[in-house]
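Note sheet for the following structure.
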Amino acid sequence: MITIIMIYGLLSIFLLISFIKSKENTKKAFKIGGKALLKSAPSLLGVLGIVGLTLGVLTPQTISKLVGAEAGYTATIIAGLLGAVTLIPSLIAFPLAGSLLRSGATIMTISAFITTLVMVGLVTVPLEVKELGKKFTILRNGLGFISALIIAFIMGVVL
Amino acid sequence: MKILKKFKLPFVILFIYILLAIWMPSIAKSSSRVTLDYFKEMALIMPPVFLLMGLIEVWIPKDKIQKWLGKDSGIKGGLISIALGTLPTGPLYVAFPMTASLLHSGASVNNMVLFLGSWAALKIPQLMIEIKFLGLPFTLLRFSLTLAALIIMGLIMDLTLKKSPDKKWIDSLNKNS
């Protein structure tokens, strides 16, 4: 909700200033924005569908069951993979991680889940490739996954 | 035929949903509910975001973006990128088109990796929730390690993409402008 208020607020201020300064440029901005939106529409719709599919299968309950209270590196890797394929809003992800931690999952496992969740987005790959190119996407997600696992390991040792 | 090719991905996914509805109706039901929820969010967020991008492209000159976020912007550029990313501005998919237009206007890969990374991993409202549910030590440690990782990732990606640029992506940009 805050997000939406923030974006629309910013937009109205900018639009007003832009309109006062130049009608012509404002029209051009609408054209550029509209064209870019149409161009992105197919990958946006695709991402929506993929998000639904992954979250329909991987519900918070299923994730708890998969990560479980198990210790050891297998649980950490599973948590990392789950974090990489899902796109869960932080309002759901952090309470879930907190409850997993209380029910016996290790810090390493929880860190792997949270860090890959925020650093790697497999479901949004079609959109990222469309906007930023294949190489950028592969590098960002690949390096993100590796660093997430290293971060999880360090956190498990330190905390 | 052209439209069919453009919308290949949504069509393939629609097909999967139809198969699911036949074989596993309960999953199809929960999946479509999630998709519908996200659709509402996207429909509300994406149009103003793209319009904002249009305004930025029209009003902020390229040399300004190059100066603030380009390859010679140094530590200041990195700090600006991180600050922009941590603002409470919404889901990551919003950031991809923004990043593309900033890259197009002369921002460095280095800074854009920092921008995307802090957008995804270091957002202020998200950190508040994290502190509440996982504690301050966890949050602080994850924050600093992630920041360090992003800086290293930015350097690696900058070097790699400089050595072997993504020709296909660059071509697609030139075709559209």
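Here's how to read the names in the structure tokens: chain A, B, ... by the order shown, residue numbers from 1 in each chain, ligand numbers from 1 in the order shown.
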Using only C-alpha atoms, determine which residues of chain B fall within 7 Å of chain A; present them as a PDB file with C-alpha atoms, in the first residue's frame.
ATOM      1  CA  LYS B   6       5.741 -12.207 -29.093  1.00  0.00           C
ATOM      2  CA  PHE B   7       3.354 -13.741 -26.597  1.00  0.00           C
ATOM      3  CA  LEU B   9       5.721 -17.345 -23.073  1.00  0.00           C
ATOM      4  CA  PRO B  10       2.270 -16.328 -21.770  1.00  0.00           C
ATOM      5  CA  ILE B  13       2.037 -20.873 -19.438  1.00  0.00           C
ATOM      6  CA  ILE B  27      -3.058 -26.670  -7.655  1.00  0.00           C
ATOM      7  CA  SER B  30      -4.337 -21.931  -5.831  1.00  0.00           C
ATOM      8  CA  SER B  31      -1.940 -20.980  -8.641  1.00  0.00           C
ATOM      9  CA  SER B  32      -4.512 -18.883 -10.442  1.00  0.00           C
ATOM     10  CA  VAL B  34      -1.756 -16.184  -6.676  1.00  0.00           C
ATOM     11  CA  THR B  35      -1.439 -15.038 -10.287  1.00  0.00           C
ATOM     12  CA  TYR B  38       0.023 -10.444  -8.403  1.00  0.00           C
ATOM     13  CA  PHE B  39      -1.752  -9.272 -11.537  1.00  0.00           C
ATOM     14  CA  ILE B  45       2.275  -0.452 -10.214  1.00  0.00           C
ATOM     15  CA  PRO B  48       3.031   4.678 -13.331  1.00  0.00           C
ATOM     16  CA  PHE B  50       6.873   3.176 -16.961  1.00  0.00           C
ATOM     17  CA  LEU B  51       5.502   6.707 -17.112  1.00  0.00           C
ATOM     18  CA  LEU B  52       8.085   7.786 -14.514  1.00  0.00           C
ATOM     19  CA  MET B  53      10.769   6.235 -16.691  1.00  0.00           C
ATOM     20  CA  GLY B  54       9.466   8.182 -19.667  1.00  0.00           C
ATOM     21  CA  LEU B  55       9.630  11.413 -17.655  1.00  0.00           C
ATOM     22  CA  VAL B  58      12.720  13.177 -21.330  1.00  0.00           C
ATOM     23  CA  PRO B  88      10.716   1.816  -0.314  1.00  0.00           C
ATOM     24  CA  THR B  89       9.669   1.542  -3.938  1.00  0.00           C
ATOM     25  CA  GLY B  90       8.207  -1.884  -4.576  1.00  0.00           C
ATOM     26  CA  TYR B  93      10.454  -6.602 -11.279  1.00  0.00           C
ATOM     27  CA  PHE B  96      14.466  -4.202 -14.252  1.00  0.00           C
ATOM     28  CA  PRO B  97      13.001  -1.743 -16.784  1.00  0.00           C
ATOM     29  CA  ALA B 100      17.624  -0.933 -18.438  1.00  0.00           C
ATOM     30  CA  GLY B 117      21.072  -5.723  -5.369  1.00  0.00           C
ATOM     31  CA  ALA B 120      16.231  -6.655  -3.752  1.00  0.00           C
ATOM     32  CA  ALA B 121      18.196  -7.373  -0.594  1.00  0.00           C
ATOM     33  CA  GLN B 126      12.196  -5.180   4.474  1.00  0.00           C
ATOM     34  CA  ILE B 129      10.519  -6.823   9.197  1.00  0.00           C
ATOM     35  CA  GLU B 130      13.740  -8.822   9.241  1.00  0.00           C
ATOM     36  CA  PHE B 133      11.405 -11.725  13.096  1.00  0.00           C
ATOM     37  CA  LEU B 134      15.078 -12.734  12.921  1.00  0.00           C
ATOM     38  CA  LEU B 145      27.880  -9.533   4.007  1.00  0.00           C
ATOM     39  CA  ALA B 149      29.067  -9.506  -2.017  1.00  0.00           C
ATOM     40  CA  MET B 153      29.652  -8.986  -7.980  1.00  0.00           C
ATOM     41  CA  MET B 157      30.138  -8.318 -13.911  1.00  0.00           C
ATOM     42  CA  ASP B 166      26.166  -8.929 -24.756  1.00  0.00           C
ATOM     43  CA  TRP B 169      21.111  -7.273 -26.108  1.00  0.00           C
TER      44      TRP B 169
END
Practice problem: Looking only at helix (DSSP H, G or I) from DSSP on the backbone, list the matching residues of range 31-92 of chain A as a ChimeraX atom specification. | Solution: /A:31-57,60-67,73-85,90-92
Practice problem: Enter the distance from CA of Leu69 in chain B to CA of Met46 in chain B, in Å, rounded to one decimal. | Solution: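 According to the coordinates, CA of Leu69 in chain B and CA of Met46 in chain B are separated by 23.8 Å.
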Quiz item: Which is closest to Thr137 in chain A among B:Leu116, B:Ser172, B:Trp68, B:Ile151, if we use only C-alpha atoms?
Solution: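 Of B:Leu116, B:Ser172, B:Trp68, B:Ile151, the one nearest Thr137 in chain A is B:Leu116, counting only C-alpha atoms.
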Quiz item: Using only C-alpha atoms, which of the listed residues (A:Ile13, A:Pro60, A:Gly156, A:Lys21) sits closest to Gly83 in chain A?
Solution: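 Looking at the shortest contact to Gly83 in chain A, the residue is A:Pro60.
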